[in-house]
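What follows is the content of data_25.cif, which has mmCIF, C-alpha atoms; chains and numbers go by the auth columns:
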```cif
data_start
#
loop_
_atom_site.group_PDB
_atom_site.id
_atom_site.type_symbol
_atom_site.label_atom_id
_atom_site.label_comp_id
_atom_site.label_asym_id
_atom_site.label_seq_id
_atom_site.Cartn_x
_atom_site.Cartn_y
_atom_site.Cartn_z
_atom_site.B_iso_or_equiv
_atom_site.auth_seq_id
_atom_site.auth_asym_id
ATOM 1 C CA MET A 1 -157.778 -107.099 -122.030 0.00 20 A
ATOM 2 C CA ASN A 2 -155.309 -104.665 -123.597 0.00 21 A
ATOM 3 C CA ASN A 3 -155.826 -102.590 -126.736 0.00 22 A
ATOM 4 C CA THR A 4 -153.905 -105.026 -128.944 0.00 23 A
ATOM 5 C CA GLU A 5 -156.158 -107.897 -127.897 0.00 24 A
ATOM 6 C CA VAL A 6 -159.285 -105.810 -128.510 0.00 25 A
ATOM 7 C CA ILE A 7 -158.057 -104.810 -131.965 0.00 26 A
ATOM 8 C CA ALA A 8 -157.178 -108.423 -132.832 0.00 27 A
ATOM 9 C CA LYS A 9 -160.637 -109.618 -131.755 0.00 28 A
ATOM 10 C CA LEU A 10 -162.355 -106.870 -133.719 0.00 29 A
ATOM 11 C CA CYS A 11 -160.283 -107.732 -136.797 0.00 30 A
ATOM 12 C CA HIS A 12 -161.343 -111.363 -136.421 0.00 31 A
ATOM 13 C CA ILE A 13 -164.994 -110.303 -136.321 0.00 32 A
ATOM 14 C CA ILE A 14 -164.502 -108.181 -139.424 0.00 33 A
ATOM 15 C CA ASP A 15 -162.868 -111.115 -141.195 0.00 34 A
ATOM 16 C CA LEU A 16 -165.870 -113.312 -140.373 0.00 35 A
ATOM 17 C CA GLN A 17 -168.198 -110.624 -141.679 0.00 36 A
ATOM 18 C CA ASN A 18 -166.178 -110.452 -144.882 0.00 37 A
ATOM 19 C CA VAL A 19 -166.661 -114.186 -145.410 0.00 38 A
ATOM 20 C CA ILE A 20 -170.415 -113.733 -145.028 0.00 39 A
ATOM 21 C CA ILE A 21 -170.465 -110.745 -147.372 0.00 40 A
ATOM 22 C CA GLN A 22 -168.470 -112.628 -149.999 0.00 41 A
ATOM 23 C CA ALA A 23 -170.870 -115.590 -149.797 0.00 42 A
ATOM 24 C CA GLN A 24 -173.809 -113.214 -150.190 0.00 43 A
ATOM 25 C CA ALA A 25 -172.139 -111.556 -153.163 0.00 44 A
ATOM 26 C CA MET A 26 -171.645 -114.934 -154.820 0.00 45 A
ATOM 27 C CA GLU A 27 -175.312 -115.760 -154.287 0.00 46 A
ATOM 28 C CA LEU A 28 -176.371 -112.383 -155.666 0.00 47 A
ATOM 29 C CA ASN A 29 -174.143 -112.958 -158.678 0.00 48 A
ATOM 30 C CA GLN A 30 -176.101 -116.120 -159.390 0.00 49 A
ATOM 31 C CA LEU A 31 -179.182 -113.910 -159.540 0.00 50 A
ATOM 32 C CA GLY A 32 -177.490 -111.551 -161.994 0.00 51 A
ATOM 33 C CA ALA A 33 -176.437 -108.861 -159.498 0.00 52 A
ATOM 34 C CA VAL A 34 -173.074 -107.119 -159.652 0.00 53 A
ATOM 35 C CA VAL A 35 -170.307 -108.708 -157.590 0.00 54 A
ATOM 36 C CA ARG A 36 -167.694 -106.434 -156.054 0.00 55 A
ATOM 37 C CA ALA A 37 -164.938 -109.040 -156.153 0.00 56 A
ATOM 38 C CA GLU A 38 -162.167 -106.471 -156.658 0.00 57 A
ATOM 39 C CA GLU A 39 -163.261 -104.454 -153.620 0.00 58 A
ATOM 40 C CA ILE A 40 -163.544 -107.609 -151.502 0.00 59 A
ATOM 41 C CA THR A 41 -160.056 -108.710 -152.578 0.00 60 A
ATOM 42 C CA ALA A 42 -158.610 -105.264 -151.825 0.00 61 A
ATOM 43 C CA ALA A 43 -160.252 -105.195 -148.383 0.00 62 A
ATOM 44 C CA ARG A 44 -158.941 -108.665 -147.543 0.00 63 A
ATOM 45 C CA ALA A 45 -155.445 -107.690 -148.703 0.00 64 A
ATOM 46 C CA ALA A 46 -155.530 -104.531 -146.547 0.00 65 A
ATOM 47 C CA TYR A 47 -156.711 -106.576 -143.559 0.00 66 A
ATOM 48 C CA ALA A 48 -153.972 -109.182 -144.063 0.00 67 A
ATOM 49 C CA GLU A 49 -151.319 -106.471 -144.380 0.00 68 A
ATOM 50 C CA THR A 50 -152.568 -104.775 -141.215 0.00 69 A
ATOM 51 C CA MET A 51 -152.446 -108.059 -139.315 0.00 70 A
ATOM 52 C CA GLY A 52 -148.956 -108.868 -140.682 0.00 71 A
ATOM 53 C CA GLU A 53 -150.266 -111.827 -142.665 0.00 72 A
ATOM 54 C CA GLU A 54 -149.836 -112.879 -146.249 0.00 73 A
ATOM 55 C CA ALA A 55 -152.604 -111.601 -148.517 0.00 74 A
ATOM 56 C CA PRO A 56 -155.069 -114.256 -149.670 0.00 75 A
ATOM 57 C CA THR A 57 -154.965 -115.260 -153.304 0.00 76 A
#
```
Final structure tokens representation of the file:
Amino acid sequence: MNNTEVIAKLCHIIDLQNVIIQAQAMELNQLGAVVRAEEITAARAAYAETMGEEAPT
């Protein structure tokens, strides 16, 4: 496996973790905790840009 493949797989893992973190943040928000939606959106946009994808809306 070359470096590009390793990086792509690691980015995929990070993306999956981001989905989990966002779901947890939504659940915490239901309990009155602070949601870091702006930070999550910025991180997803940076990830998409790095991967050459369109940023999620």
Explicit residue set for the PyMOL selection byres ((chain A and resi 59-73) around 8), as a CSV table (one decimal) with C-alpha atoms, in the frame of the given file:
```
chain,number,residue,atom,x,y,z
A,30,CYS,CA,-160.3,-107.7,-136.8
A,34,ASP,CA,-162.9,-111.1,-141.2
A,37,ASN,CA,-166.2,-110.5,-144.9
A,41,GLN,CA,-168.5,-112.6,-150.0
A,55,ARG,CA,-167.7,-106.4,-156.1
A,56,ALA,CA,-164.9,-109.0,-156.2
A,57,GLU,CA,-162.2,-106.5,-156.7
A,58,GLU,CA,-163.3,-104.5,-153.6
A,74,ALA,CA,-152.6,-111.6,-148.5
A,75,PRO,CA,-155.1,-114.3,-149.7
```
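For the pair CA of Gln43 (chain A) and CA of Val25 (chain A), the separation is 27.1 Å.
Here CA of Asn48 (chain A) is placed at a distance of 22.1 Å from CA of Ile33 (chain A).
Separating CA of Ala42 (chain A) from CA of Thr23 (chain A) is a distance of 28.9 Å.
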Write out as JSON an axis-aligned box for region 62-71 of chain A: all of its atoms listed in the file, 5 Å added on each side, centre and edge lengths in Å with one decimal.
```
{"center_x": -154.6, "center_y": -106.9, "center_z": -144.0, "size_x": 21.3, "size_y": 14.7, "size_z": 19.4}
```
